[in-house]
file work00.csv (CSV, C-alpha atoms and all ligand atoms)
chain,number,residue,atom,x,y,z
A,1,MET,CA,105.8,-202.3,23.8
A,2,SER,CA,106.5,-203.6,27.3
A,3,LEU,CA,104.5,-202.7,30.3
A,4,LEU,CA,107.5,-200.8,31.6
A,5,ASP,CA,107.7,-198.7,28.5
A,6,TYR,CA,104.0,-198.0,28.7
A,7,PHE,CA,104.4,-196.4,32.1
A,8,ARG,CA,107.5,-194.6,31.0
A,9,THR,CA,105.9,-192.9,28.0
A,10,SER,CA,102.7,-192.0,29.8
A,11,LYS,CA,104.8,-190.3,32.4
A,12,THR,CA,107.1,-188.4,30.2
A,13,SER,CA,104.1,-187.1,28.2
A,14,SER,CA,102.6,-185.1,31.0
A,15,ALA,CA,105.3,-182.4,31.3
A,16,SER,CA,106.0,-182.3,27.6
A,17,LEU,CA,102.3,-181.9,26.9
A,18,ALA,CA,102.3,-179.0,29.4
A,19,LYS,CA,105.2,-177.4,27.6
A,20,GLU,CA,103.6,-177.8,24.2
A,21,ARG,CA,100.3,-176.2,25.4
A,22,LEU,CA,102.1,-173.4,27.0
A,23,GLN,CA,104.2,-172.6,24.0
A,24,ILE,CA,101.1,-172.2,21.8
A,25,LEU,CA,99.2,-170.2,24.3
A,26,VAL,CA,102.0,-167.9,25.3
A,27,ALA,CA,102.9,-167.2,21.6
A,28,HIS,CA,99.2,-166.3,21.0
A,29,GLU,CA,98.9,-164.1,24.0
A,30,ARG,CA,102.1,-162.3,23.2
A,31,THR,CA,100.9,-161.3,19.7
A,32,SER,CA,97.5,-160.1,21.0
A,33,ARG,CA,99.1,-158.2,23.8
A,34,ASN,CA,100.9,-155.9,21.4
A,35,GLN,CA,97.8,-155.2,19.3
A,36,PRO,CA,96.3,-151.7,19.4
A,37,SER,CA,93.1,-151.6,21.4
A,38,TYR,CA,91.0,-150.3,18.5
A,39,LEU,CA,91.2,-153.5,16.5
A,40,PRO,CA,87.9,-155.1,17.7
A,41,GLN,CA,86.0,-151.9,16.9
A,42,LEU,CA,87.7,-151.5,13.6
A,43,GLN,CA,86.8,-155.1,12.7
A,44,LYS,CA,83.2,-154.4,13.7
A,45,GLU,CA,82.9,-151.3,11.6
A,46,LEU,CA,84.5,-152.8,8.6
A,47,LEU,CA,82.1,-155.7,8.8
A,48,GLU,CA,79.2,-153.2,8.8
A,49,VAL,CA,80.5,-151.4,5.7
A,50,ILE,CA,81.2,-154.5,3.7
A,51,ARG,CA,77.7,-155.9,4.6
A,52,LYS,CA,76.2,-152.9,2.8
A,53,TYR,CA,77.4,-154.5,-0.4
A,54,VAL,CA,78.0,-158.2,0.2
A,55,SER,CA,76.5,-160.4,2.8
A,56,ILE,CA,79.3,-162.1,4.7
A,57,ASP,CA,79.6,-163.9,8.0
A,58,GLN,CA,81.1,-162.4,11.1
A,59,ASP,CA,84.1,-164.7,10.9
A,60,ALA,CA,84.7,-164.1,7.2
A,61,ILE,CA,86.7,-161.1,8.2
A,62,SER,CA,90.0,-161.1,10.1
A,63,VAL,CA,92.2,-158.3,11.1
A,64,ASN,CA,95.8,-159.0,12.0
A,65,PHE,CA,98.3,-156.6,13.4
A,66,GLU,CA,102.0,-157.3,13.2
A,67,GLN,CA,104.9,-155.4,14.5
A,68,ASP,CA,108.7,-155.6,13.9
A,69,ASP,CA,111.5,-153.3,14.5
A,70,ASN,CA,110.9,-150.9,11.7
A,71,GLN,CA,107.2,-151.2,10.7
A,72,GLU,CA,103.7,-152.1,11.8
A,73,THR,CA,101.4,-153.9,9.4
A,74,LEU,CA,97.7,-154.3,9.5
A,75,GLU,CA,96.6,-157.3,7.5
A,76,LEU,CA,93.0,-157.5,6.5
A,77,ASN,CA,91.4,-160.6,5.2
A,78,ILE,CA,87.9,-160.8,3.8
A,79,VAL,CA,86.6,-164.1,2.5
A,80,LEU,CA,83.7,-163.4,0.1
A,81,PRO,CA,80.9,-166.0,-0.2
A,82,ASP,CA,81.0,-168.5,-3.0
A,83,THR,CA,79.0,-166.8,-5.8
A,84,ASN,CA,78.3,-170.1,-7.6
A,85,LYS,CA,76.4,-171.3,-4.6
A,86,LYS,CA,73.0,-169.8,-4.3
A,87,SER,CA,72.2,-169.1,-0.7
B,1,MET,CA,122.3,-145.8,44.1
B,2,ALA,CA,119.3,-147.4,45.7
B,3,ARG,CA,117.5,-150.2,43.8
B,4,ILE,CA,113.9,-151.1,44.0
B,5,ILE,CA,113.2,-154.8,43.6
B,6,VAL,CA,109.7,-156.1,43.0
B,7,VAL,CA,108.9,-159.7,43.8
B,8,THR,CA,106.0,-160.6,41.6
B,9,SER,CA,104.2,-163.4,39.8
B,10,GLY,CA,100.6,-162.8,38.8
B,11,LYS,CA,99.5,-166.1,40.3
B,12,GLY,CA,98.9,-166.4,44.0
B,13,GLY,CA,100.6,-168.7,46.5
B,14,VAL,CA,103.7,-169.4,44.4
B,15,GLY,CA,106.2,-168.1,47.0
B,16,LYS,CA,106.5,-164.3,46.7
B,17,THR,CA,106.4,-163.6,50.4
B,18,THR,CA,108.7,-166.4,51.2
B,19,THR,CA,111.1,-165.1,48.6
B,20,SER,CA,110.8,-161.4,49.6
B,21,ALA,CA,111.6,-162.3,53.2
B,22,ALA,CA,114.6,-164.5,52.1
B,23,ILE,CA,116.2,-162.1,49.7
B,24,ALA,CA,115.7,-159.0,51.9
B,25,MET,CA,117.4,-160.9,54.7
B,26,GLY,CA,120.1,-162.2,52.3
B,27,LEU,CA,120.9,-158.7,51.1
B,28,ALA,CA,120.9,-157.2,54.6
B,29,LYS,CA,123.2,-160.0,55.8
B,30,ARG,CA,125.6,-159.1,53.1
B,31,GLY,CA,125.8,-155.6,54.7
B,32,HIS,CA,123.4,-153.7,52.5
B,33,LYS,CA,120.8,-151.7,54.3
B,34,THR,CA,117.5,-153.1,53.1
B,35,ALA,CA,113.8,-152.3,53.5
B,36,VAL,CA,111.1,-154.9,52.7
B,37,ILE,CA,107.6,-153.6,52.1
B,38,ASP,CA,104.4,-155.6,52.2
B,39,PHE,CA,102.1,-154.4,49.4
B,40,ASP,CA,99.3,-156.9,50.2
B,41,VAL,CA,96.9,-154.4,51.6
B,42,GLY,CA,94.2,-156.2,53.6
B,43,LEU,CA,96.1,-159.4,53.7
B,44,ARG,CA,99.3,-158.6,55.6
B,45,ASN,CA,101.5,-161.6,56.0
B,46,LEU,CA,105.1,-160.6,55.6
B,47,ASP,CA,105.2,-159.6,59.3
B,48,LEU,CA,104.5,-163.2,60.2
B,49,ILE,CA,107.1,-164.6,57.9
B,50,MET,CA,109.6,-162.1,59.3
B,51,GLY,CA,108.5,-162.8,62.9
B,52,CYS,CA,107.7,-159.2,63.8
B,53,GLU,CA,103.9,-159.4,63.9
B,54,ARG,CA,103.7,-158.3,67.5
B,55,ARG,CA,105.8,-155.2,66.9
B,56,VAL,CA,103.5,-153.7,64.2
B,57,VAL,CA,102.2,-150.3,65.4
B,58,TYR,CA,102.0,-148.3,62.2
B,59,ASP,CA,101.7,-149.5,58.6
B,60,PHE,CA,102.4,-148.4,55.0
B,61,VAL,CA,99.0,-146.6,54.7
B,62,ASN,CA,99.5,-144.7,57.9
B,63,VAL,CA,102.8,-143.3,56.5
B,64,ILE,CA,101.2,-142.4,53.1
B,65,ASN,CA,98.4,-140.6,54.9
B,66,GLY,CA,100.9,-138.7,57.2
B,67,GLU,CA,99.5,-140.4,60.3
B,68,ALA,CA,103.0,-141.7,61.2
B,69,THR,CA,106.5,-141.0,60.0
B,70,LEU,CA,108.5,-143.6,58.1
B,71,ASN,CA,110.8,-144.0,61.1
B,72,GLN,CA,107.9,-144.8,63.4
B,73,ALA,CA,106.5,-147.4,61.0
B,74,LEU,CA,109.7,-149.2,60.0
B,75,ILE,CA,110.4,-152.2,62.2
B,76,ARG,CA,114.0,-153.2,62.7
B,77,ASP,CA,114.6,-156.9,62.2
B,78,LYS,CA,115.5,-158.8,65.3
B,79,ASN,CA,118.2,-160.9,63.5
B,80,CYS,CA,119.8,-158.3,61.4
B,81,ASN,CA,120.2,-154.6,62.1
B,82,GLN,CA,120.6,-153.7,58.5
B,83,LEU,CA,117.0,-154.9,57.7
B,84,TYR,CA,113.7,-153.0,58.2
B,85,ILE,CA,110.2,-154.1,57.5
B,86,LEU,CA,107.3,-151.9,56.5
B,87,PRO,CA,104.1,-153.8,57.1
B,88,ALA,CA,100.9,-153.6,55.0
B,89,SER,CA,97.7,-152.1,56.3
B,90,GLN,CA,94.9,-154.4,57.2
B,91,THR,CA,92.3,-151.9,55.9
B,92,ARG,CA,89.7,-153.3,53.5
B,93,ASP,CA,89.8,-150.1,51.5
B,94,LYS,CA,91.3,-151.1,48.1
B,95,ASP,CA,92.3,-147.6,47.2
B,96,ALA,CA,94.3,-147.0,50.4
B,97,LEU,CA,97.5,-146.9,48.4
B,98,SER,CA,97.8,-144.0,46.0
B,99,GLN,CA,100.3,-144.0,43.2
B,100,GLU,CA,101.7,-140.6,44.3
B,101,GLY,CA,101.9,-141.7,47.9
B,102,VAL,CA,103.8,-144.9,47.1
B,103,GLY,CA,106.2,-142.9,45.0
B,104,ARG,CA,106.7,-140.4,47.7
B,105,ILE,CA,107.5,-143.1,50.3
B,106,LEU,CA,109.9,-145.0,48.0
B,107,ASP,CA,111.7,-141.7,47.2
B,108,GLU,CA,112.2,-141.2,50.9
B,109,LEU,CA,113.4,-144.7,51.5
B,110,LYS,CA,115.9,-144.4,48.6
B,111,LYS,CA,117.8,-141.7,50.5
B,112,ASP,CA,118.6,-144.1,53.3
B,113,PHE,CA,118.5,-147.7,51.9
B,114,LYS,CA,120.5,-149.6,49.3
B,115,TYR,CA,117.8,-152.1,48.4
B,116,ILE,CA,114.0,-151.8,48.7
B,117,VAL,CA,112.2,-155.1,48.2
B,118,CYS,CA,108.5,-154.9,47.3
B,119,ASP,CA,106.4,-158.0,48.1
B,120,SER,CA,103.6,-157.9,45.6
B,121,PRO,CA,100.2,-159.3,46.2
B,122,ALA,CA,98.8,-161.8,43.7
B,123,GLY,CA,96.8,-160.7,40.7
B,124,ILE,CA,97.2,-157.8,38.3
B,125,GLU,CA,95.0,-155.3,40.3
B,126,ARG,CA,96.0,-152.1,42.0
B,127,GLY,CA,98.3,-153.5,44.7
B,128,ALA,CA,100.3,-155.6,42.2
B,129,PHE,CA,100.4,-152.6,39.8
B,130,LEU,CA,101.8,-150.3,42.5
B,131,ALA,CA,104.3,-152.9,43.7
B,132,MET,CA,105.9,-153.1,40.3
B,133,TYR,CA,105.4,-149.5,39.0
B,134,TYR,CA,108.5,-147.9,40.4
B,135,ALA,CA,110.7,-151.0,40.2
B,136,ASP,CA,114.2,-151.2,38.8
B,137,ASP,CA,114.5,-155.0,39.0
B,138,ALA,CA,111.8,-157.6,39.0
B,139,PHE,CA,112.1,-161.1,40.5
B,140,ILE,CA,109.5,-163.2,38.7
B,141,VAL,CA,108.6,-166.0,41.0
B,142,THR,CA,107.3,-169.0,39.0
B,143,ASN,CA,106.3,-172.5,39.9
B,144,PRO,CA,107.0,-175.2,37.3
B,145,GLU,CA,103.3,-175.5,36.4
B,146,VAL,CA,101.2,-174.2,33.4
B,147,SER,CA,99.1,-171.5,35.1
B,148,SER,CA,102.0,-170.1,36.9
B,149,VAL,CA,104.2,-169.8,33.8
B,150,ARG,CA,101.3,-168.3,31.8
B,151,ASP,CA,100.7,-165.7,34.6
B,152,SER,CA,104.4,-164.9,34.7
B,153,ASP,CA,104.4,-164.2,31.0
B,154,ARG,CA,101.4,-161.8,31.5
B,155,MET,CA,103.2,-160.1,34.3
B,156,LEU,CA,106.2,-159.6,32.0
B,157,GLY,CA,103.9,-157.9,29.5
B,158,ILE,CA,102.7,-155.6,32.2
B,159,LEU,CA,106.3,-154.8,33.4
B,160,SER,CA,107.3,-153.8,29.9
B,161,SER,CA,104.3,-151.6,29.1
B,162,LYS,CA,102.8,-150.2,32.4
B,163,SER,CA,105.8,-149.5,34.6
B,164,ARG,CA,107.3,-146.1,35.3
B,165,ARG,CA,110.4,-147.0,33.3
B,166,ALA,CA,108.2,-148.1,30.3
B,167,GLU,CA,106.0,-145.0,30.5
B,168,HIS,CA,109.1,-142.7,30.6
B,169,ASN,CA,110.9,-144.6,27.9
B,170,GLU,CA,113.8,-145.4,30.2
B,171,GLU,CA,115.9,-148.5,30.3
B,172,PRO,CA,113.4,-151.3,30.9
B,173,ILE,CA,113.1,-153.1,34.3
B,174,LYS,CA,115.6,-155.9,34.6
B,175,GLU,CA,113.7,-159.1,34.8
B,176,TYR,CA,115.0,-162.2,36.6
B,177,LEU,CA,113.4,-165.7,36.9
B,178,LEU,CA,113.2,-167.5,40.2
B,179,LEU,CA,111.8,-170.9,39.8
B,180,THR,CA,110.4,-172.1,43.1
B,181,ARG,CA,108.9,-175.3,44.6
B,182,TYR,CA,111.0,-177.3,42.2
B,183,SER,CA,111.1,-181.1,42.5
B,184,PRO,CA,114.0,-182.6,40.5
B,185,GLU,CA,112.5,-186.1,41.1
B,186,ARG,CA,109.2,-185.2,39.5
B,187,VAL,CA,111.0,-183.5,36.6
B,188,LYS,CA,112.9,-186.6,36.0
B,189,LEU,CA,109.7,-188.7,35.9
B,190,GLY,CA,108.3,-186.3,33.4
B,191,GLU,CA,105.6,-185.1,35.7
B,192,MET,CA,106.9,-181.5,36.1
B,193,LEU,CA,108.1,-178.9,33.7
B,194,SER,CA,111.9,-178.6,33.9
B,195,VAL,CA,114.0,-175.4,34.2
B,196,ASP,CA,114.8,-175.7,30.5
B,197,ASP,CA,111.1,-176.1,29.6
B,198,VAL,CA,110.2,-173.0,31.5
B,199,GLN,CA,113.2,-171.1,30.1
B,200,GLU,CA,112.2,-172.1,26.5
B,201,ILE,CA,109.0,-170.2,27.1
B,202,LEU,CA,110.0,-167.3,29.3
B,203,SER,CA,113.7,-167.0,28.5
B,204,LEU,CA,114.7,-164.8,31.4
B,205,HIS,CA,117.9,-164.4,33.3
B,206,LEU,CA,117.7,-167.4,35.8
B,207,LEU,CA,118.6,-166.2,39.3
B,208,GLY,CA,117.9,-169.5,40.9
B,209,VAL,CA,115.9,-172.6,41.4
B,210,ILE,CA,114.4,-173.1,44.9
B,211,PRO,CA,113.6,-176.7,45.6
B,212,GLU,CA,110.3,-177.8,47.2
B,213,SER,CA,111.4,-178.0,50.8
B,214,LYS,CA,110.1,-178.8,54.2
B,215,SER,CA,112.4,-176.1,55.6
B,216,VAL,CA,110.1,-173.4,54.2
B,217,LEU,CA,107.2,-174.4,56.4
B,218,ASN,CA,109.5,-174.8,59.4
B,219,ALA,CA,110.8,-171.3,58.7
B,220,SER,CA,107.4,-169.7,58.5
B,221,ASN,CA,106.3,-171.6,61.6
B,222,SER,CA,109.0,-169.9,63.6
B,223,GLY,CA,109.0,-166.6,61.8
B,224,THR,CA,112.5,-166.6,60.5
B,225,PRO,CA,113.3,-166.2,56.8
B,226,VAL,CA,114.4,-169.6,55.4
B,227,ILE,CA,117.7,-168.1,54.2
B,228,LEU,CA,118.8,-168.1,57.9
B,229,ASP,CA,118.5,-171.9,57.9
B,230,GLU,CA,121.9,-172.3,56.4
B,231,LYS,CA,121.7,-176.1,56.5
B,232,SER,CA,118.5,-176.3,54.5
B,233,ASP,CA,118.4,-176.7,50.7
B,234,ALA,CA,116.0,-173.9,50.2
B,235,GLY,CA,118.1,-171.6,52.5
B,236,GLN,CA,121.2,-172.4,50.5
B,237,ALA,CA,119.4,-171.9,47.2
B,238,TYR,CA,118.3,-168.4,48.3
B,239,ALA,CA,121.8,-167.6,49.4
B,240,ASP,CA,123.0,-168.5,45.9
B,241,VAL,CA,120.3,-166.2,44.5
B,242,ILE,CA,121.7,-163.3,46.4
B,243,ALA,CA,125.2,-164.1,45.3
B,244,ARG,CA,124.2,-164.2,41.7
B,245,TYR,CA,122.2,-161.0,42.0
B,246,LEU,CA,125.2,-159.3,43.4
B,247,GLY,CA,127.2,-160.5,40.4
B,248,GLU,CA,129.0,-163.6,41.7
B,249,ASP,CA,129.2,-166.7,39.6
B,250,ARG,CA,127.5,-169.7,41.4
B,251,PRO,CA,126.7,-173.1,39.9
B,252,HIS,CA,123.1,-174.2,40.2
B,253,ARG,CA,123.0,-176.8,43.0
B,254,PHE,CA,119.4,-177.8,43.2
B,255,ILE,CA,118.3,-178.6,39.6
B,256,ASP,CA,119.4,-182.2,39.7
B,257,GLU,CA,118.2,-185.0,42.0
B,258,LYS,CA,119.9,-185.3,45.3
B,259,LYS,CA,121.9,-188.5,45.2
B,260,GLY,CA,121.1,-190.9,48.0
B,261,LEU,CA,123.7,-193.1,49.6
B,262,PHE,CA,123.2,-195.6,46.8
B,263,GLY,CA,123.7,-192.9,44.1
B,264,LYS,CA,126.7,-191.6,45.8
B,265,LEU,CA,128.3,-195.0,46.0
B,266,PHE,CA,127.4,-196.3,42.6
B,267,GLY,CA,126.3,-193.3,40.5
B,268,SER,CA,128.3,-192.0,37.7
B,269,LYS,CA,130.1,-188.7,38.3
A,301,LIG,N1,110.3,-173.8,48.2
A,301,LIG,C1,109.1,-174.1,48.9
A,301,LIG,N2,109.0,-175.3,49.3
A,301,LIG,C2,107.9,-175.7,50.0
A,301,LIG,N3,106.8,-174.8,50.3
A,301,LIG,C3,106.9,-173.6,49.8
A,301,LIG,C4,108.1,-173.1,49.1
A,301,LIG,N4,107.9,-171.8,48.8
A,301,LIG,C5,106.7,-171.5,49.3
A,301,LIG,N5,106.1,-172.5,49.9
A,301,LIG,C6,104.8,-172.5,50.6
A,301,LIG,O1,103.8,-172.1,49.7
A,301,LIG,C7,102.9,-171.3,50.4
A,301,LIG,C8,102.7,-169.9,49.7
A,301,LIG,O2,103.9,-169.2,49.9
A,301,LIG,P1,103.9,-167.6,49.9
A,301,LIG,O3,103.0,-167.1,51.0
A,301,LIG,O4,105.4,-167.2,50.0
A,301,LIG,O5,103.3,-167.3,48.5
A,301,LIG,P2,102.8,-165.9,47.9
A,301,LIG,O6,103.2,-165.9,46.5
A,301,LIG,O7,103.4,-164.8,48.7
A,301,LIG,O8,101.3,-166.0,48.1
A,301,LIG,P3,100.2,-164.8,47.9
A,301,LIG,O9,100.0,-164.8,46.4
A,301,LIG,O10,99.0,-165.3,48.7
A,301,LIG,O11,100.8,-163.6,48.5
A,301,LIG,C9,103.3,-171.2,51.8
A,301,LIG,O12,102.6,-172.1,52.6
A,301,LIG,C10,104.8,-171.5,51.8
A,301,LIG,O13,105.2,-172.1,53.0
A,302,MG,MG,102.4,-163.1,49.6
call {"tool": "encode", "arguments": {"input": "work00.csv", "output": "structure tokens"}}
result
Amino acid sequence: MSLLDYFRTSKTSSASLAKERLQILVAHERTSRNQPSYLPQLQKELLEVIRKYVSIDQDAISVNFEQDDNQETLELNIVLPDTNKKS
Amino acid sequence: MARIIVVTSGKGGVGKTTTSAAIAMGLAKRGHKTAVIDFDVGLRNLDLIMGCERRVVYDFVNVINGEATLNQALIRDKNCNQLYILPASQTRDKDALSQEGVGRILDELKKDFKYIVCDSPAGIERGAFLAMYYADDAFIVTNPEVSSVRDSDRMLGILSSKSRRAEHNEEPIKEYLLLTRYSPERVKLGEMLSVDDVQEILSLHLLGVIPESKSVLNASNSGTPVILDEKSDAGQAYADVIARYLGEDRPHRFIDEKKGLFGKLFGSK
């Protein structure tokens, strides 16, 4: 790679890096924007209920809300602790 | 039918007031009776950009509070008799604008004016909310820069969920993109997001690209909207914006690099 190429690539990367970061961020913010406001509370209460029976971490539970033209779905994911491992 | 246009961005300092002054003047010059309102309560600046700062007697808040009539507060522009300016109040009271009051004044203006341009303050607080709430059209002023694009997207979310049209399930606000402070040279070097980059993210109807231009500072120094500087690139770009908004077809003139003498002599095309 010549010196000239080096300058060229380092220059072209700045705007394309900006675009890449923006695309990811904006996509993320758009999905969370449409989420109902009760989601965090729901997640917290679910966690409390499940913890009565199994001990799980806070991040073992994820709640996802999705919306398209004809339906809204609430996706709930709970990762149970590995039972083979004694904690 | 009168139309209410909000000039908004989320992010501060991107060119909302410059744009509001230019497009209000552009519409008025085309013969449409136009009012431009400064919503930046406490930080009035549109009067300076329009060059009428010494003629301000009453302001928007005075009219809402019934301390002055609309006719007393509206300032007729010195360059165009179809254009009127309603200055912001310099009060520090954040709640000086009430939603009901703003709606009442806009309704009154709608009887007499074809276009009502609302210059939004930065941010997503009360002033910015009220500036966009009653809008029919939104001009999203964006700089080719990450935080500005992100804030524009947030503002789009607010327009589509919090505006009067959204609340009443009416046809949504028409959203237009105005990319300002654009440097084709820097885009070519890969230092700045291009129009296409920004459009890939926001995908709005592109009304125009306003180049980064010395003429904007010259215009604000003298208190004349830059669109009146017909020789300037920014002035011409704003004139194209008005033409497109009014339904005319205009090619984009300021997206590509200006060709120097060398480019003109030896460049392709
Ligand atoms: N196309 C341009 N070229 C060069 N300078 C510009 C351009 N557009 C705006 N500016 C400059 O950028 C600065 C901010 O512009 P302006 O006041 O219009 O922004 P704003 O969005 O209204 O700011 P605020 O959020 O504070 O209300 C000013 O100094 C103005 O002269
Ligand atoms: Mg401003």
call {"tool": "atom_distance", "arguments": {"input": "work00.csv", "atom1": "atom CA of B:Ile116", "atom2": "atom CA of B:Ser222"}}
result
24.0 Å
call {"tool": "closest_atom_pairs", "arguments": {"input": "work00.csv", "of": "chain B", "to": "ligand MG 302 (chain A)", "cutoff": "8 Å", "atoms": "only C-alpha atoms and all ligand atoms", "output": "Markdown table"}}
result
| residue | atom | partner | partner_atom | distance |
| --- | --- | --- | --- | --- |
| B:Gly12 | CA | A:MG302 | MG | 7.4 |
| B:Gly13 | CA | A:MG302 | MG | 6.6 |
| B:Gly15 | CA | A:MG302 | MG | 6.8 |
| B:Lys16 | CA | A:MG302 | MG | 5.2 |
| B:Thr17 | CA | A:MG302 | MG | 4.1 |
| B:Thr18 | CA | A:MG302 | MG | 7.3 |
| B:Asp40 | CA | A:MG302 | MG | 7.0 |
| B:Asn45 | CA | A:MG302 | MG | 6.6 |
| B:Leu46 | CA | A:MG302 | MG | 7.0 |
| B:Asp119 | CA | A:MG302 | MG | 6.7 |
| B:Ser120 | CA | A:MG302 | MG | 6.7 |
| B:Pro121 | CA | A:MG302 | MG | 5.6 |
| B:Ala122 | CA | A:MG302 | MG | 7.0 |
call {"tool": "residues_around", "arguments": {"input": "work00.csv", "residues": "stretch 50-57 of chain A", "least_positions_apart": "4", "cutoff": "12 Å", "atoms": "only C-alpha atoms", "output": "PyMOL selection string"}}
result
chain A and resi 43-46+61-62+77-83+87
call {"tool": "atom_distance", "arguments": {"input": "work00.csv", "atom1": "atom CA of B:Ala22", "atom2": "atom CA of B:Phe139"}}
result
12.3 Å
call {"tool": "residues_near_ligand", "arguments": {"input": "work00.csv", "ligand": "ligand LIG 301 (chain A)", "cutoff": "10 Å", "atoms": "only C-alpha atoms and all ligand atoms", "output": "number ranges by chain"}}
result
B: 7-22, 38-40, 43-46, 49, 119-123, 141-143, 179-183, 209-221, 226, 233-235, 237-238
call {"tool": "write_last_selection", "arguments": {"input": "work00.csv", "atoms": "C-alpha atoms", "output": "PDB file, in the frame of the given file"}}
result
ATOM      1  CA  VAL B   7     108.900-159.700  43.800  1.00  0.00           C
ATOM      2  CA  THR B   8     106.000-160.600  41.600  1.00  0.00           C
ATOM      3  CA  SER B   9     104.200-163.400  39.800  1.00  0.00           C
ATOM      4  CA  GLY B  10     100.600-162.800  38.800  1.00  0.00           C
ATOM      5  CA  LYS B  11      99.500-166.100  40.300  1.00  0.00           C
ATOM      6  CA  GLY B  12      98.900-166.400  44.000  1.00  0.00           C
ATOM      7  CA  GLY B  13     100.600-168.700  46.500  1.00  0.00           C
ATOM      8  CA  VAL B  14     103.700-169.400  44.400  1.00  0.00           C
ATOM      9  CA  GLY B  15     106.200-168.100  47.000  1.00  0.00           C
ATOM     10  CA  LYS B  16     106.500-164.300  46.700  1.00  0.00           C
ATOM     11  CA  THR B  17     106.400-163.600  50.400  1.00  0.00           C
ATOM     12  CA  THR B  18     108.700-166.400  51.200  1.00  0.00           C
ATOM     13  CA  THR B  19     111.100-165.100  48.600  1.00  0.00           C
ATOM     14  CA  SER B  20     110.800-161.400  49.600  1.00  0.00           C
ATOM     15  CA  ALA B  21     111.600-162.300  53.200  1.00  0.00           C
ATOM     16  CA  ALA B  22     114.600-164.500  52.100  1.00  0.00           C
ATOM     17  CA  ASP B  38     104.400-155.600  52.200  1.00  0.00           C
ATOM     18  CA  PHE B  39     102.100-154.400  49.400  1.00  0.00           C
ATOM     19  CA  ASP B  40      99.300-156.900  50.200  1.00  0.00           C
ATOM     20  CA  LEU B  43      96.100-159.400  53.700  1.00  0.00           C
ATOM     21  CA  ARG B  44      99.300-158.600  55.600  1.00  0.00           C
ATOM     22  CA  ASN B  45     101.500-161.600  56.000  1.00  0.00           C
ATOM     23  CA  LEU B  46     105.100-160.600  55.600  1.00  0.00           C
ATOM     24  CA  ILE B  49     107.100-164.600  57.900  1.00  0.00           C
ATOM     25  CA  ASP B 119     106.400-158.000  48.100  1.00  0.00           C
ATOM     26  CA  SER B 120     103.600-157.900  45.600  1.00  0.00           C
ATOM     27  CA  PRO B 121     100.200-159.300  46.200  1.00  0.00           C
ATOM     28  CA  ALA B 122      98.800-161.800  43.700  1.00  0.00           C
ATOM     29  CA  GLY B 123      96.800-160.700  40.700  1.00  0.00           C
ATOM     30  CA  VAL B 141     108.600-166.000  41.000  1.00  0.00           C
ATOM     31  CA  THR B 142     107.300-169.000  39.000  1.00  0.00           C
ATOM     32  CA  ASN B 143     106.300-172.500  39.900  1.00  0.00           C
ATOM     33  CA  LEU B 179     111.800-170.900  39.800  1.00  0.00           C
ATOM     34  CA  THR B 180     110.400-172.100  43.100  1.00  0.00           C
ATOM     35  CA  ARG B 181     108.900-175.300  44.600  1.00  0.00           C
ATOM     36  CA  TYR B 182     111.000-177.300  42.200  1.00  0.00           C
ATOM     37  CA  SER B 183     111.100-181.100  42.500  1.00  0.00           C
ATOM     38  CA  VAL B 209     115.900-172.600  41.400  1.00  0.00           C
ATOM     39  CA  ILE B 210     114.400-173.100  44.900  1.00  0.00           C
ATOM     40  CA  PRO B 211     113.600-176.700  45.600  1.00  0.00           C
ATOM     41  CA  GLU B 212     110.300-177.800  47.200  1.00  0.00           C
ATOM     42  CA  SER B 213     111.400-178.000  50.800  1.00  0.00           C
ATOM     43  CA  LYS B 214     110.100-178.800  54.200  1.00  0.00           C
ATOM     44  CA  SER B 215     112.400-176.100  55.600  1.00  0.00           C
ATOM     45  CA  VAL B 216     110.100-173.400  54.200  1.00  0.00           C
ATOM     46  CA  LEU B 217     107.200-174.400  56.400  1.00  0.00           C
ATOM     47  CA  ASN B 218     109.500-174.800  59.400  1.00  0.00           C
ATOM     48  CA  ALA B 219     110.800-171.300  58.700  1.00  0.00           C
ATOM     49  CA  SER B 220     107.400-169.700  58.500  1.00  0.00           C
ATOM     50  CA  ASN B 221     106.300-171.600  61.600  1.00  0.00           C
ATOM     51  CA  VAL B 226     114.400-169.600  55.400  1.00  0.00           C
ATOM     52  CA  ASP B 233     118.400-176.700  50.700  1.00  0.00           C
ATOM     53  CA  ALA B 234     116.000-173.900  50.200  1.00  0.00           C
ATOM     54  CA  GLY B 235     118.100-171.600  52.500  1.00  0.00           C
ATOM     55  CA  ALA B 237     119.400-171.900  47.200  1.00  0.00           C
ATOM     56  CA  TYR B 238     118.300-168.400  48.300  1.00  0.00           C
TER      57      TYR B 238
END
call {"tool": "interface_residues", "arguments": {"input": "work00.csv", "of": "chain B", "to": "chain A", "cutoff": "10 Å", "atoms": "only C-alpha atoms", "output": "number ranges by chain"}}
result
B: 144-147, 149-151, 153-154, 157-158, 161, 186-194, 197-198, 200-202
call {"tool": "atom_distance", "arguments": {"input": "work00.csv", "atom1": "atom CA of B:Gly31", "atom2": "atom CA of B:Lys114"}}
result
9.7 Å
call {"tool": "residues_around", "arguments": {"input": "work00.csv", "residues": "B:Thr91", "least_positions_apart": "5", "cutoff": "12 Å", "atoms": "only C-alpha atoms", "output": "JSON, numbers by chain"}}
result
{"B": [40, 41, 42, 43, 44, 59, 60, 61, 62, 96, 97]}
call {"tool": "write_last_selection", "arguments": {"input": "work00.csv", "atoms": "C-alpha atoms", "output": "CSV table (one decimal), in the frame of the given file"}}
result
chain,number,residue,atom,x,y,z
B,40,ASP,CA,99.3,-156.9,50.2
B,41,VAL,CA,96.9,-154.4,51.6
B,42,GLY,CA,94.2,-156.2,53.6
B,43,LEU,CA,96.1,-159.4,53.7
B,44,ARG,CA,99.3,-158.6,55.6
B,59,ASP,CA,101.7,-149.5,58.6
B,60,PHE,CA,102.4,-148.4,55.0
B,61,VAL,CA,99.0,-146.6,54.7
B,62,ASN,CA,99.5,-144.7,57.9
B,96,ALA,CA,94.3,-147.0,50.4
B,97,LEU,CA,97.5,-146.9,48.4
